[in-house]
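Below is start.txt, holding compact mmCIF, C-alpha atoms and all ligand atoms.
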```txt
# COMPACT_ATOMS: atom_id res chain seq x y z
CA MET A 1477 132.26 -157.13 -104.42
CA ALA A 1478 131.93 -154.51 -107.17
CA LEU A 1479 129.55 -154.38 -110.11
CA ILE A 1480 131.58 -153.83 -113.27
CA VAL A 1481 130.32 -153.06 -116.78
CA GLN A 1482 132.78 -154.03 -119.51
CA LYS A 1483 132.27 -153.25 -123.19
CA TYR A 1484 134.17 -155.05 -125.94
CA GLY A 1485 134.20 -153.54 -129.44
CA GLY A 1486 134.13 -155.15 -132.87
CA THR A 1487 137.86 -155.80 -133.26
CA SER A 1488 138.05 -157.30 -129.77
CA MET A 1489 135.26 -159.70 -130.84
CA GLY A 1490 136.69 -160.06 -134.38
CA ASN A 1491 137.16 -163.86 -134.61
CA PRO A 1492 136.63 -167.03 -132.51
CA GLU A 1493 140.08 -166.74 -130.87
CA ARG A 1494 139.37 -163.15 -129.85
CA ILE A 1495 135.94 -164.06 -128.51
CA LYS A 1496 137.63 -166.75 -126.37
CA ASN A 1497 140.11 -164.10 -125.21
CA VAL A 1498 137.22 -161.84 -124.17
CA ALA A 1499 135.61 -164.78 -122.36
CA ARG A 1500 138.81 -165.40 -120.38
CA ARG A 1501 139.08 -161.74 -119.40
CA VAL A 1502 135.46 -161.49 -118.33
CA LEU A 1503 135.75 -164.68 -116.28
CA GLU A 1504 138.95 -163.36 -114.65
CA THR A 1505 137.00 -160.33 -113.47
CA GLN A 1506 134.20 -162.45 -112.04
CA SER A 1507 136.70 -164.83 -110.41
CA ALA A 1508 138.27 -161.82 -108.67
CA GLY A 1509 134.95 -161.55 -106.81
CA HIS A 1510 132.94 -159.13 -108.93
CA LYS A 1511 129.59 -159.09 -110.68
CA VAL A 1512 130.07 -158.51 -114.39
CA VAL A 1513 127.81 -157.15 -117.11
CA THR A 1514 129.45 -157.36 -120.53
CA VAL A 1515 128.27 -155.30 -123.50
CA VAL A 1516 129.47 -156.45 -126.91
CA SER A 1517 129.51 -155.11 -130.46
CA ALA A 1518 129.05 -157.02 -133.67
CA MET A 1519 132.23 -158.76 -134.92
CA SER A 1520 134.36 -156.27 -136.86
CA GLY A 1521 133.09 -155.61 -140.38
CA VAL A 1522 129.71 -157.25 -139.77
CA THR A 1523 127.67 -154.04 -139.41
CA ASP A 1524 129.31 -152.61 -142.54
CA SER A 1525 128.56 -155.72 -144.55
CA LEU A 1526 124.95 -155.80 -143.34
CA ILE A 1527 124.55 -152.18 -144.50
CA LYS A 1528 126.08 -153.09 -147.84
CA LEU A 1529 123.75 -156.08 -148.18
CA ALA A 1530 120.74 -153.82 -147.60
CA ARG A 1531 121.98 -151.33 -150.20
CA ASP A 1532 122.48 -154.17 -152.68
CA VAL A 1533 118.81 -155.01 -152.28
CA THR A 1534 117.43 -151.48 -152.37
CA ALA A 1535 118.70 -147.90 -152.59
CA LYS A 1536 116.32 -146.83 -149.84
CA PRO A 1537 115.95 -149.46 -147.13
CA ALA A 1538 113.18 -148.71 -144.61
CA GLY A 1539 114.51 -147.71 -141.19
CA ARG A 1540 112.50 -150.38 -139.39
CA GLU A 1541 113.89 -153.18 -141.54
CA MET A 1542 117.40 -151.73 -141.33
CA ASP A 1543 117.25 -152.00 -137.54
CA MET A 1544 115.86 -155.52 -137.76
CA LEU A 1545 118.88 -156.37 -139.91
CA LEU A 1546 121.58 -154.50 -137.99
CA ALA A 1547 120.51 -155.88 -134.61
CA THR A 1548 121.49 -159.37 -135.80
CA GLY A 1549 125.20 -158.41 -135.73
CA GLU A 1550 125.24 -157.88 -131.99
CA GLN A 1551 122.92 -160.82 -131.41
CA THR A 1552 125.48 -163.12 -133.01
CA SER A 1553 128.18 -161.75 -130.70
CA ILE A 1554 126.25 -162.18 -127.43
CA ALA A 1555 125.39 -165.80 -128.18
CA LEU A 1556 128.97 -166.67 -129.17
CA LEU A 1557 130.45 -165.01 -126.07
CA ALA A 1558 127.94 -166.78 -123.81
CA MET A 1559 128.93 -170.10 -125.41
CA ALA A 1560 132.64 -169.35 -124.99
CA LEU A 1561 132.10 -168.53 -121.31
CA GLN A 1562 129.99 -171.63 -120.73
CA ASN A 1563 132.78 -173.65 -122.36
CA LEU A 1564 135.10 -172.31 -119.66
CA GLY A 1565 132.69 -173.59 -117.03
CA ALA A 1566 131.19 -170.19 -116.26
CA LYS A 1567 127.53 -169.40 -115.76
CA ALA A 1568 126.66 -166.89 -118.49
CA VAL A 1569 123.52 -165.64 -120.15
CA SER A 1570 123.05 -163.48 -123.25
CA LEU A 1571 120.36 -160.78 -123.46
CA THR A 1572 119.21 -158.66 -126.40
CA GLY A 1573 118.81 -154.93 -125.80
CA ALA A 1574 115.07 -155.46 -125.36
CA GLN A 1575 115.58 -158.26 -122.82
CA ALA A 1576 118.01 -156.01 -120.96
CA GLY A 1577 115.15 -153.49 -120.60
CA ILE A 1578 116.55 -150.79 -122.89
CA VAL A 1579 113.60 -148.69 -124.08
CA THR A 1580 114.16 -146.13 -126.84
CA ASP A 1581 112.24 -143.67 -128.96
CA GLY A 1582 111.15 -144.79 -132.42
CA VAL A 1583 113.75 -142.98 -134.55
CA HIS A 1584 115.10 -145.96 -136.45
CA THR A 1585 118.90 -146.24 -136.93
CA LYS A 1586 119.58 -143.39 -134.49
CA ALA A 1587 117.22 -144.00 -131.59
CA LYS A 1588 117.62 -142.30 -128.23
CA ILE A 1589 117.38 -144.22 -124.96
CA PHE A 1590 114.27 -143.25 -122.96
CA ASN A 1591 114.84 -145.44 -119.94
CA ILE A 1592 116.30 -148.74 -118.81
CA THR A 1593 114.53 -151.25 -116.58
CA PRO A 1594 117.23 -153.85 -115.98
CA LYS A 1595 115.06 -156.34 -114.07
CA GLN A 1596 116.35 -159.37 -115.97
CA ILE A 1597 119.97 -158.24 -115.60
CA HIS A 1598 119.61 -157.97 -111.82
CA ALA A 1599 117.91 -161.35 -111.59
CA HIS A 1600 120.66 -163.10 -113.55
CA LEU A 1601 123.42 -161.30 -111.62
CA ASP A 1602 121.80 -162.36 -108.36
CA GLY A 1603 121.79 -165.91 -109.67
CA GLY A 1604 125.58 -165.73 -110.13
CA ALA A 1605 125.63 -165.41 -113.92
CA ILE A 1606 127.79 -163.21 -116.10
CA VAL A 1607 125.29 -161.15 -118.10
CA ILE A 1608 126.11 -160.41 -121.74
CA VAL A 1609 124.08 -157.60 -123.32
CA ALA A 1610 123.86 -156.81 -127.03
CA GLY A 1611 125.23 -153.31 -127.60
CA PHE A 1612 123.81 -150.74 -130.03
CA GLN A 1613 120.18 -151.90 -129.78
CA GLY A 1614 116.97 -151.33 -127.88
CA GLN A 1615 113.23 -151.57 -128.29
CA THR A 1616 110.44 -149.00 -128.43
CA ALA A 1617 107.60 -149.10 -125.92
CA ALA A 1618 105.57 -150.71 -128.72
CA GLY A 1619 108.11 -153.51 -129.12
CA GLU A 1620 109.91 -152.39 -132.30
CA ILE A 1621 113.65 -153.12 -132.53
CA THR A 1622 115.80 -149.99 -132.80
CA THR A 1623 119.53 -149.19 -133.05
CA LEU A 1624 121.42 -146.32 -131.46
CA GLY A 1625 123.61 -145.00 -134.31
CA ARG A 1626 127.09 -146.14 -135.39
CA GLY A 1627 129.38 -146.91 -132.49
CA GLY A 1628 126.28 -147.21 -130.29
CA SER A 1629 127.59 -150.05 -128.11
CA ASP A 1630 129.58 -147.42 -126.22
CA LEU A 1631 126.26 -145.75 -125.38
CA THR A 1632 124.73 -149.05 -124.25
CA ALA A 1633 127.65 -149.57 -121.84
CA ILE A 1634 127.58 -146.04 -120.41
CA ALA A 1635 123.79 -146.01 -120.07
CA LEU A 1636 123.77 -149.43 -118.38
CA THR A 1637 126.47 -148.26 -115.97
CA ALA A 1638 124.22 -145.36 -114.96
CA ALA A 1639 121.04 -147.46 -114.77
CA LEU A 1640 122.68 -150.24 -112.75
CA LYS A 1641 124.61 -147.74 -110.58
CA ALA A 1642 127.64 -149.90 -111.38
CA ASP A 1643 130.94 -149.21 -109.63
CA LYS A 1644 133.05 -149.21 -112.79
CA CYS A 1645 132.72 -148.91 -116.57
CA GLU A 1646 135.52 -150.22 -118.78
CA ILE A 1647 135.46 -149.70 -122.55
CA TYR A 1648 137.77 -152.30 -124.12
CA THR A 1649 139.00 -151.57 -127.63
CA ASP A 1650 141.95 -152.20 -129.97
CA VAL A 1651 144.19 -149.34 -128.74
CA ASP A 1652 145.52 -148.68 -125.23
CA GLY A 1653 143.25 -145.69 -124.59
CA VAL A 1654 142.53 -142.22 -125.90
CA TYR A 1655 145.55 -140.82 -127.74
CA THR A 1656 146.55 -137.26 -128.60
CA CYS A 1657 145.56 -138.17 -132.18
CA ASP A 1658 144.47 -141.36 -133.91
CA PRO A 1659 147.65 -143.48 -133.60
CA ARG A 1660 146.96 -144.92 -137.05
CA VAL A 1661 147.35 -141.43 -138.50
CA VAL A 1662 150.03 -140.01 -136.20
CA PRO A 1663 152.34 -142.87 -135.18
CA ASP A 1664 154.01 -140.87 -132.38
CA ALA A 1665 150.70 -139.92 -130.73
CA CYS A 1666 150.62 -140.56 -126.97
CA LYS A 1667 148.04 -142.12 -124.75
CA VAL A 1668 146.58 -139.60 -122.30
CA ASP A 1669 146.10 -140.73 -118.70
CA SER A 1670 142.93 -138.72 -118.17
CA ILE A 1671 140.69 -136.42 -120.17
CA CYS A 1672 137.57 -134.48 -119.20
CA TYR A 1673 134.15 -135.08 -120.74
CA GLU A 1674 134.17 -131.78 -122.65
CA GLU A 1675 137.44 -132.54 -124.41
CA MET A 1676 136.47 -136.14 -125.11
CA LEU A 1677 133.16 -134.94 -126.51
CA GLU A 1678 134.80 -132.37 -128.82
CA MET A 1679 137.33 -134.96 -130.00
CA ALA A 1680 134.69 -137.64 -130.53
CA SER A 1681 132.37 -135.32 -132.42
CA SER A 1682 135.20 -134.07 -134.62
CA GLY A 1683 136.27 -137.48 -135.84
CA SER A 1684 138.08 -139.35 -133.02
CA LYS A 1685 135.90 -142.41 -133.28
CA VAL A 1686 137.48 -144.15 -130.29
CA MET A 1687 134.28 -143.20 -128.42
CA GLN A 1688 130.83 -142.55 -129.87
CA SER A 1689 130.11 -138.87 -129.17
CA ARG A 1690 126.56 -139.47 -127.90
CA SER A 1691 127.89 -141.89 -125.31
CA VAL A 1692 130.27 -139.20 -123.99
CA GLU A 1693 127.40 -136.72 -123.85
CA PHE A 1694 125.42 -139.25 -121.81
CA ALA A 1695 128.38 -139.92 -119.49
CA ASN A 1696 128.77 -136.19 -118.90
CA LYS A 1697 125.08 -135.73 -118.16
CA PHE A 1698 124.89 -138.62 -115.70
CA ASN A 1699 128.43 -138.27 -114.37
CA VAL A 1700 129.58 -141.74 -115.45
CA LEU A 1701 133.34 -142.07 -115.04
CA PHE A 1702 134.76 -144.61 -117.48
CA GLU A 1703 138.09 -146.03 -118.63
CA VAL A 1704 139.06 -146.68 -122.25
CA ARG A 1705 141.61 -149.49 -122.48
CA SER A 1706 142.86 -152.36 -124.61
CA SER A 1707 141.40 -155.87 -124.70
CA PHE A 1708 144.76 -157.17 -125.93
CA ASN A 1709 146.92 -156.30 -122.87
CA HIS A 1710 146.57 -155.23 -119.25
CA ASN A 1711 147.99 -151.71 -119.61
CA GLN A 1712 146.32 -148.87 -117.78
CA GLY A 1713 144.00 -146.96 -120.10
CA THR A 1714 142.53 -143.44 -120.18
CA ILE A 1715 140.13 -142.22 -117.49
CA VAL A 1716 137.33 -140.01 -118.82
CA LYS A 1717 135.84 -137.86 -116.05
CA THR A 1718 134.77 -134.40 -114.92
CA GLU A 1719 137.31 -131.62 -115.21
CA SER A 1720 139.79 -131.53 -112.34
CA PRO A 1721 142.23 -128.82 -111.18
CA GLY A 1722 145.29 -128.52 -113.39
CA MET A 1723 143.60 -129.96 -116.50
CA GLU A 1724 143.38 -126.46 -118.01
CA ASP A 1725 147.17 -126.13 -117.86
CA VAL A 1726 147.39 -128.33 -120.95
CA VAL A 1727 146.47 -126.06 -123.85
CA ILE A 1728 145.90 -128.72 -126.52
CA ARG A 1729 144.74 -132.16 -125.42
CA GLY A 1730 144.48 -133.65 -128.88
CA VAL A 1731 144.09 -133.37 -132.63
CA SER A 1732 141.16 -134.96 -134.48
CA ILE A 1733 140.58 -135.48 -138.15
CA GLU A 1734 137.40 -136.22 -140.03
CA ARG A 1735 137.62 -137.45 -143.59
CA ASN A 1736 134.86 -137.83 -146.21
CA GLN A 1737 133.67 -134.24 -145.96
CA ALA A 1738 132.30 -132.14 -148.81
CA LYS A 1739 132.00 -128.41 -149.32
CA VAL A 1740 128.95 -126.84 -150.94
CA THR A 1741 128.78 -123.19 -152.01
CA LEU A 1742 125.74 -121.16 -153.00
CA ALA A 1743 127.16 -118.31 -155.02
CA GLY A 1744 125.64 -114.86 -155.50
CA VAL A 1745 123.02 -115.12 -152.78
CA PRO A 1746 121.04 -111.90 -152.10
CA ASP A 1747 122.36 -110.24 -148.93
CA GLN A 1748 118.97 -109.99 -147.20
CA PRO A 1749 117.38 -111.10 -143.93
CA GLY A 1750 115.81 -114.56 -144.12
CA VAL A 1751 117.93 -115.92 -146.95
CA ALA A 1752 120.21 -118.08 -144.77
CA ALA A 1753 117.13 -119.27 -142.88
CA LYS A 1754 115.54 -120.47 -146.14
CA ILE A 1755 118.70 -122.33 -147.20
CA PHE A 1756 119.33 -124.11 -143.93
CA ASN A 1757 115.67 -124.85 -143.28
CA ALA A 1758 115.52 -126.61 -146.64
CA LEU A 1759 118.56 -128.69 -145.66
CA ALA A 1760 117.15 -129.43 -142.20
CA THR A 1761 113.82 -130.55 -143.66
CA ASP A 1762 115.71 -133.14 -145.69
CA ASN A 1763 117.78 -134.17 -142.63
CA VAL A 1764 121.09 -133.00 -144.10
CA VAL A 1765 123.58 -132.58 -141.26
CA VAL A 1766 125.55 -129.37 -141.79
CA ASP A 1767 128.87 -128.70 -140.08
CA VAL A 1768 131.05 -125.62 -140.79
CA ILE A 1769 129.25 -122.57 -142.29
CA VAL A 1770 130.96 -119.54 -143.81
CA GLN A 1771 129.46 -116.44 -145.43
CA THR A 1772 131.64 -114.03 -147.43
CA ALA A 1773 131.45 -110.22 -147.15
CA PRO A 1774 128.77 -108.85 -149.51
CA VAL A 1775 129.73 -107.38 -152.89
CA ASP A 1776 127.02 -105.47 -154.81
CA GLY A 1777 124.33 -106.81 -152.48
CA ARG A 1778 125.27 -110.47 -152.91
CA THR A 1779 127.31 -112.96 -150.86
CA ASP A 1780 128.51 -116.55 -151.14
CA ILE A 1781 127.37 -119.01 -148.47
CA SER A 1782 129.42 -122.20 -148.06
CA PHE A 1783 128.97 -125.14 -145.73
CA THR A 1784 130.41 -128.59 -145.21
CA THR A 1785 128.57 -131.85 -144.85
CA ASN A 1786 129.42 -135.53 -145.01
CA LYS A 1787 130.22 -136.68 -148.55
CA ASP A 1788 127.39 -139.22 -148.34
CA GLU A 1789 124.87 -136.40 -147.82
CA LEU A 1790 125.86 -134.50 -150.98
CA GLU A 1791 123.14 -135.91 -153.19
CA ARG A 1792 120.40 -135.06 -150.69
CA ALA A 1793 121.89 -131.62 -150.07
CA ASP A 1794 121.95 -130.91 -153.79
CA ALA A 1795 118.35 -131.99 -154.26
CA ALA A 1796 117.23 -129.74 -151.39
CA LEU A 1797 119.25 -126.77 -152.63
CA GLN A 1798 118.15 -126.84 -156.28
CA VAL A 1799 114.67 -125.68 -155.27
CA VAL A 1800 115.72 -123.12 -152.69
CA ALA A 1801 118.48 -121.66 -154.93
CA LYS A 1802 115.88 -120.83 -157.58
CA ASN A 1803 113.56 -119.44 -154.94
CA ILE A 1804 116.04 -116.98 -153.51
CA GLY A 1805 117.67 -116.16 -156.85
CA ALA A 1806 121.15 -117.56 -156.14
CA ARG A 1807 123.57 -117.48 -159.08
CA GLY A 1808 124.76 -121.06 -158.76
CA ILE A 1809 125.65 -124.06 -156.64
CA THR A 1810 129.09 -125.67 -156.57
CA GLN A 1811 130.12 -128.81 -154.74
CA LYS A 1812 133.49 -130.20 -153.85
CA ALA A 1813 134.10 -133.56 -152.22
CA GLY A 1814 137.61 -134.54 -151.16
CA VAL A 1815 137.93 -132.22 -148.19
CA ALA A 1816 138.52 -133.11 -144.54
CA LYS A 1817 138.42 -131.38 -141.18
CA LEU A 1818 141.31 -131.04 -138.76
CA SER A 1819 140.50 -129.91 -135.20
CA VAL A 1820 142.68 -129.03 -132.23
CA VAL A 1821 140.93 -129.50 -128.90
CA GLY A 1822 141.73 -128.49 -125.33
CA ILE A 1823 140.03 -126.81 -122.37
CA GLY A 1824 143.29 -124.88 -121.87
CA MET A 1825 142.22 -122.71 -124.83
CA ARG A 1826 139.84 -120.92 -122.46
CA SER A 1827 142.75 -119.43 -120.58
CA HIS A 1828 145.51 -119.36 -123.20
CA SER A 1829 145.59 -117.06 -126.22
CA GLY A 1830 147.40 -117.45 -129.52
CA VAL A 1831 146.29 -121.00 -130.30
CA ALA A 1832 144.66 -120.05 -133.61
CA ALA A 1833 147.73 -118.06 -134.66
CA LYS A 1834 149.99 -121.00 -133.87
CA LEU A 1835 147.76 -123.45 -135.74
CA PHE A 1836 147.68 -121.22 -138.83
CA ASP A 1837 151.48 -120.75 -138.64
CA LEU A 1838 152.02 -124.50 -138.53
CA LEU A 1839 149.69 -125.05 -141.49
CA ALA A 1840 151.34 -122.24 -143.45
CA ALA A 1841 154.80 -123.66 -142.78
CA GLY A 1842 153.67 -127.01 -144.20
CA GLY A 1843 152.02 -125.39 -147.24
CA PHE A 1844 148.50 -126.54 -146.28
CA ASN A 1845 145.79 -124.26 -147.64
CA ILE A 1846 142.95 -123.50 -145.23
CA GLN A 1847 139.56 -123.50 -146.97
CA MET A 1848 137.29 -122.79 -144.00
CA ILE A 1849 137.67 -122.13 -140.28
CA SER A 1850 135.35 -122.64 -137.33
CA THR A 1851 135.88 -122.28 -133.60
CA SER A 1852 134.27 -123.08 -130.27
CA GLU A 1853 135.44 -122.23 -126.78
CA ILE A 1854 137.73 -125.28 -126.66
CA LYS A 1855 138.23 -126.15 -130.36
CA ILE A 1856 139.61 -124.67 -133.57
CA ALA A 1857 138.78 -126.55 -136.75
CA VAL A 1858 139.95 -126.04 -140.32
CA ILE A 1859 138.86 -127.57 -143.61
CA LEU A 1860 141.74 -128.81 -145.78
CA ASP A 1861 142.22 -130.98 -148.86
CA GLU A 1862 141.56 -134.57 -147.82
CA ASP A 1863 144.67 -135.96 -149.47
CA THR A 1864 146.91 -133.83 -147.25
CA ILE A 1865 145.03 -134.38 -143.98
CA ALA A 1866 147.29 -137.06 -142.45
CA GLU A 1867 150.40 -135.03 -143.21
CA ALA A 1868 148.77 -131.91 -141.77
CA ALA A 1869 147.72 -133.77 -138.61
CA GLN A 1870 151.28 -134.99 -138.11
CA ALA A 1871 152.68 -131.47 -138.54
CA VAL A 1872 150.13 -129.87 -136.19
CA HIS A 1873 150.50 -132.64 -133.59
CA ALA A 1874 154.28 -132.23 -133.57
CA GLY A 1875 154.08 -128.43 -133.66
CA PHE A 1876 151.93 -128.33 -130.52
CA GLY A 1877 154.45 -130.59 -128.77
CA LEU A 1878 152.05 -133.48 -128.31
CA ALA A 1879 154.48 -136.27 -129.20
CA GLY A 1880 156.38 -137.85 -126.31
CA ASP A 1881 155.42 -138.81 -122.74
CA LYS A 1882 152.01 -137.58 -121.66
P1 LIG A 1901 135.67 -150.52 -131.16
O1 LIG A 1901 135.37 -151.48 -132.25
O2 LIG A 1901 136.42 -151.14 -130.01
O3 LIG A 1901 134.48 -149.73 -130.72
P2 LIG A 1901 136.58 -148.31 -132.78
O4 LIG A 1901 137.15 -148.76 -134.09
O5 LIG A 1901 135.22 -147.76 -132.75
O6 LIG A 1901 136.74 -149.52 -131.75
O7 LIG A 1901 137.56 -147.25 -132.09
C1 LIG A 1901 138.92 -147.53 -131.91
C2 LIG A 1901 139.73 -146.86 -133.01
O8 LIG A 1901 139.59 -145.44 -132.88
C3 LIG A 1901 141.22 -147.08 -132.92
O9 LIG A 1901 141.60 -148.26 -133.56
C4 LIG A 1901 141.81 -145.83 -133.55
O10 LIG A 1901 142.27 -146.05 -134.86
C5 LIG A 1901 140.64 -144.86 -133.62
N1 LIG A 1901 140.94 -143.54 -133.03
C6 LIG A 1901 140.62 -142.34 -133.61
N2 LIG A 1901 141.04 -141.34 -132.86
C7 LIG A 1901 141.63 -141.87 -131.77
C8 LIG A 1901 142.25 -141.31 -130.61
N3 LIG A 1901 142.35 -139.99 -130.43
N4 LIG A 1901 142.74 -142.17 -129.67
C9 LIG A 1901 142.64 -143.50 -129.84
N5 LIG A 1901 142.08 -144.08 -130.92
C10 LIG A 1901 141.57 -143.29 -131.88
N1 LIG A 1902 128.16 -152.61 -134.49
C1 LIG A 1902 127.81 -151.21 -134.44
C2 LIG A 1902 128.69 -150.40 -135.40
O1 LIG A 1902 129.55 -150.97 -136.06
C3 LIG A 1902 127.86 -150.64 -133.05
C4 LIG A 1902 129.22 -150.64 -132.39
O2 LIG A 1902 130.14 -151.30 -132.87
O3 LIG A 1902 129.36 -149.97 -131.36
O4 LIG A 1902 128.51 -149.22 -135.52
MG MG A 1903 133.55 -147.98 -131.48
```

For this file, produce the structure as structure tokens.
Amino acid sequence: MALIVQKYGGTSMGNPERIKNVARRVLETQSAGHKVVTVVSAMSGVTDSLIKLARDVTAKPAGREMDMLLATGEQTSIALLAMALQNLGAKAVSLTGAQAGIVTDGVHTKAKIFNITPKQIHAHLDGGAIVIVAGFQGQTAAGEITTLGRGGSDLTAIALTAALKADKCEIYTDVDGVYTCDPRVVPDACKVDSICYEEMLEMASSGSKVMQSRSVEFANKFNVLFEVRSSFNHNQGTIVKTESPGMEDVVIRGVSIERNQAKVTLAGVPDQPGVAAKIFNALATDNVVVDVIVQTAPVDGRTDISFTTNKDELERADAALQVVAKNIGARGITQKAGVAKLSVVGIGMRSHSGVAAKLFDLLAAGGFNIQMISTSEIKIAVILDEDTIAEAAQAVHAGFGLAGDK
């Protein structure tokens, strides 16, 4: 008998028929002789509409109340799945994050898990029940409801797998696994059979939202092997695990894109020590998340400093920069939304040269203008016009030979 953690995402739980489908699959697993803990997300669209509702009420909802609101999405799902399972004659019980023993810090809407004490889960499993846990939520030591950031049900599933020392973790979603690029953007993308944590993490944090990046970080830290697969068929999915011999032979594992980016430039900034520190400290104080940063070569003692951020952060970034720009004597601030990031990722880059040259050649051949570049050991990312990003991803994906059997 194995202990299996299964997570079903929003689309898989999207309507009553799909919830009944999930119930059948979960029961199948238990009937095969296993103990099952199921983590579920809110039904698709529910979290988005709750956020919209809050914004319709106030421009600045308090974090505590936001979490109180958002947690209801997953609470609806657990109750409905428990009912569907009970209707099939199964013994099933739903638990909120708090009831499952998930204790977090108090950073509302992006809380971190401190520890998990799954006493209730064990008790119900021992009693023969299928345990259904609300994803994406936890509770502080003081009893406040928290949520774990968008896509956080993945984190709940991975963290529970580690805490329960479960034998298997299966992440069920609406695609067959992790692909060489989002299959909705590049139709001839291929499912990969296995991928290492580092590559999955780079892809997730550069826009491949098939897995929440923090959940991959957690899996890497606690060595949780997991499989990403479809809830709509029984095809084999993608195994995410530690790097194994031969993995480095593949130079590029995948291409990621991230839309909704914006570029901000501070022009004519004095070329002096401490200036960049002032700019980015001001942004950090206002919690603006900065991504790619570029500084031009100085001319007459002044440089331009540009960075990208999410489009939604532009207003806050601008407010923070107005003050600091005056302080340091910058000549002006310009902003440009409508840009996106394209990244190529692969641990093979460590041992193969010429990847950047090939990427730039492919983009040049397609007439795509590169606005900014950033690199890490296993990633090269470029900022392009957002309206050409899908076309660019298709060209780069094909150019690196990623289409076809993987
Ligand atoms: P869930 O609701 O199950 O958590 P998500 O919508 O969060 O599902 O993630 C699945 C989606 O991720 C897919 O429908 C797909 O469009 C998108 N996606 C982005 N990049 C990739 C990729 N490299 N491989 C597979 N899917 C990807
Ligand atoms: N419902 C949450 C979201 O939409 C968490 C999740 O789906 O994983 O972000
Ligand atoms: Mg998700």

Padding of 5 Å on every side, edges along x, y and z, all listed atoms of ligand LIG 1902 (chain A) included: what centre and edge lengths in Å, to one decimal, does that box have, as JSON?
```
{"center_x": 129.0, "center_y": -150.9, "center_z": -133.7, "size_x": 12.3, "size_y": 13.4, "size_z": 14.7}
```

Gly1611 of chain A surroundings by all atoms listed in the file, 10 Å radius, close-in-sequence under 3 positions cut, as a PyMOL selection string
chain A and resi 1483-1485+1514-1518+1547+1549-1551+1553-1554+1571-1573+1608+1614+1623-1624+1627-1633

Output C-alpha atoms for every residue in the selection just made, as a PDB file, keeping the file's coordinate frame.
```
ATOM      1  CA  LYS A1483     132.270-153.250-123.190  1.00  0.00           C
ATOM      2  CA  TYR A1484     134.170-155.050-125.940  1.00  0.00           C
ATOM      3  CA  GLY A1485     134.200-153.540-129.440  1.00  0.00           C
ATOM      4  CA  THR A1514     129.450-157.360-120.530  1.00  0.00           C
ATOM      5  CA  VAL A1515     128.270-155.300-123.500  1.00  0.00           C
ATOM      6  CA  VAL A1516     129.470-156.450-126.910  1.00  0.00           C
ATOM      7  CA  SER A1517     129.510-155.110-130.460  1.00  0.00           C
ATOM      8  CA  ALA A1518     129.050-157.020-133.670  1.00  0.00           C
ATOM      9  CA  ALA A1547     120.510-155.880-134.610  1.00  0.00           C
ATOM     10  CA  GLY A1549     125.200-158.410-135.730  1.00  0.00           C
ATOM     11  CA  GLU A1550     125.240-157.880-131.990  1.00  0.00           C
ATOM     12  CA  GLN A1551     122.920-160.820-131.410  1.00  0.00           C
ATOM     13  CA  SER A1553     128.180-161.750-130.700  1.00  0.00           C
ATOM     14  CA  ILE A1554     126.250-162.180-127.430  1.00  0.00           C
ATOM     15  CA  LEU A1571     120.360-160.780-123.460  1.00  0.00           C
ATOM     16  CA  THR A1572     119.210-158.660-126.400  1.00  0.00           C
ATOM     17  CA  GLY A1573     118.810-154.930-125.800  1.00  0.00           C
ATOM     18  CA  ILE A1608     126.110-160.410-121.740  1.00  0.00           C
ATOM     19  CA  GLY A1614     116.970-151.330-127.880  1.00  0.00           C
ATOM     20  CA  THR A1623     119.530-149.190-133.050  1.00  0.00           C
ATOM     21  CA  LEU A1624     121.420-146.320-131.460  1.00  0.00           C
ATOM     22  CA  GLY A1627     129.380-146.910-132.490  1.00  0.00           C
ATOM     23  CA  GLY A1628     126.280-147.210-130.290  1.00  0.00           C
ATOM     24  CA  SER A1629     127.590-150.050-128.110  1.00  0.00           C
ATOM     25  CA  ASP A1630     129.580-147.420-126.220  1.00  0.00           C
ATOM     26  CA  LEU A1631     126.260-145.750-125.380  1.00  0.00           C
ATOM     27  CA  THR A1632     124.730-149.050-124.250  1.00  0.00           C
ATOM     28  CA  ALA A1633     127.650-149.570-121.840  1.00  0.00           C
TER      29      ALA A1633
END
```

Pull the closest atom pair for each residue of chain A that gets at most 8 Å from ligand LIG 1901 (chain A), along with the distance in Å to one decimal, counting all atoms listed in the file, ordering rows by chain and then ascending residue number, as CSV.
```
residue,atom,partner,partner_atom,distance
A:Tyr1484,CA,A:LIG1901,O2,6.1
A:Gly1485,CA,A:LIG1901,O2,3.3
A:Gly1486,CA,A:LIG1901,O1,3.9
A:Thr1487,CA,A:LIG1901,O1,5.1
A:Ser1488,CA,A:LIG1901,O2,6.4
A:Ser1517,CA,A:LIG1901,O1,7.1
A:Ser1520,CA,A:LIG1901,O1,6.7
A:Gly1627,CA,A:LIG1901,O5,5.9
A:Ser1629,CA,A:LIG1901,O3,7.4
A:Asp1630,CA,A:LIG1901,O3,7.0
A:Ile1647,CA,A:LIG1901,O2,7.7
A:Tyr1648,CA,A:LIG1901,O2,6.2
A:Thr1649,CA,A:LIG1901,O2,3.5
A:Asp1650,CA,A:LIG1901,O9,5.3
A:Val1651,CA,A:LIG1901,O9,5.6
A:Asp1652,CA,A:LIG1901,C9,7.5
A:Gly1653,CA,A:LIG1901,C9,5.7
A:Val1654,CA,A:LIG1901,N4,3.8
A:Tyr1655,CA,A:LIG1901,N4,3.7
A:Thr1656,CA,A:LIG1901,N3,5.3
A:Cys1657,CA,A:LIG1901,N3,4.1
A:Asp1658,CA,A:LIG1901,N2,3.6
A:Pro1659,CA,A:LIG1901,O10,6.1
A:Arg1660,CA,A:LIG1901,O10,5.3
A:Val1661,CA,A:LIG1901,O10,7.8
A:Lys1667,CA,A:LIG1901,N4,7.2
A:Met1679,CA,A:LIG1901,N3,7.1
A:Ala1680,CA,A:LIG1901,N2,7.7
A:Gly1683,CA,A:LIG1901,N2,6.8
A:Ser1684,CA,A:LIG1901,N2,3.6
A:Lys1685,CA,A:LIG1901,C6,4.7
A:Val1686,CA,A:LIG1901,O8,3.6
A:Met1687,CA,A:LIG1901,O5,6.4
A:Gln1688,CA,A:LIG1901,O5,7.4
A:Gly1730,CA,A:LIG1901,N3,6.9
A:Val1731,CA,A:LIG1901,N3,7.2
A:Ser1732,CA,A:LIG1901,N3,6.6
A:Ile1733,CA,A:LIG1901,N2,7.9
```
